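Peer 1: Before we start, here is the structure in question, set down as structure tokens.
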Amino acid sequence: MSEEISMETSEPLENKDAVSVPKEHPNTYPKEQPKRQPGTLVLIGACLVVSLGASLATVAGYDRWYAQKIVAVDIKGYIAQQRDNYLAGKLSDDELRKSFDRLEAAITAIPRNRVIIMGDAVVRNAETVRP
């Protein structure tokens, strides 16, 4: 009974059973339509794009940082050239030591995922490092 009393005080008696809908002001814009969910083709396309992007990034990262690659270093030719220059008097003792330090620095700068082989063993299609 307390419900009836509170309803009677807030609404007139003739609107007791009717659902009250707020009336819009005549100068207001129409309400926006609810947003539709994207279609099935759009979702499949988005999944394909994300999947291909992730796959390409994975393969590129693996190739860049993990895959073993062969690198050739012509140590024998470099030492022979430095020896000839030293014997011809073109290099001093200090310059000869610095050139061997450069060779060592070039070899140690090669990343860990590179396999280093002698330049004499390479026939073709291998990256060659020249100190």
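By convention here, the chains of the structure tokens are called A, B, ... in the order presented, each chain's residues are numbered starting at 1, and ligands are numbered starting at 1 in the order presented.
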Considering only C-alpha atoms, return as a count of residues only whatever protein or nucleic-acid residues lie within 10 Å of Ser99 in chain A, sequence-local ones (same chain, fewer than 6 positions apart) excluded.
Peer 2: 7
Peer 1: Env of Ile117 in chain A: 9 Å cut, atoms = only C-alpha atoms, seq-sep filter 6 positions within chain, self excluded. Answer as a list in words.
Peer 2: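 My reading of the contact set: Ile70, Val71, Ala72, Val73 and Asp74 of chain A.
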Peer 1: Please provide the set of residues having any atom within 8 Å of Arg114 in chain A, restricted to only C-alpha atoms, with same-chain residues fewer than 2 positions apart removed, written as a ChimeraX atom specification.
Peer 2: /A:68-71,110-112,116
Peer 1: So, with only C-alpha atoms as the atoms that count, which of A:Ile75, A:Val50, A:Leu103, A:Leu87 lies closest to Asp120 in chain A?
Peer 2: A:Ile75
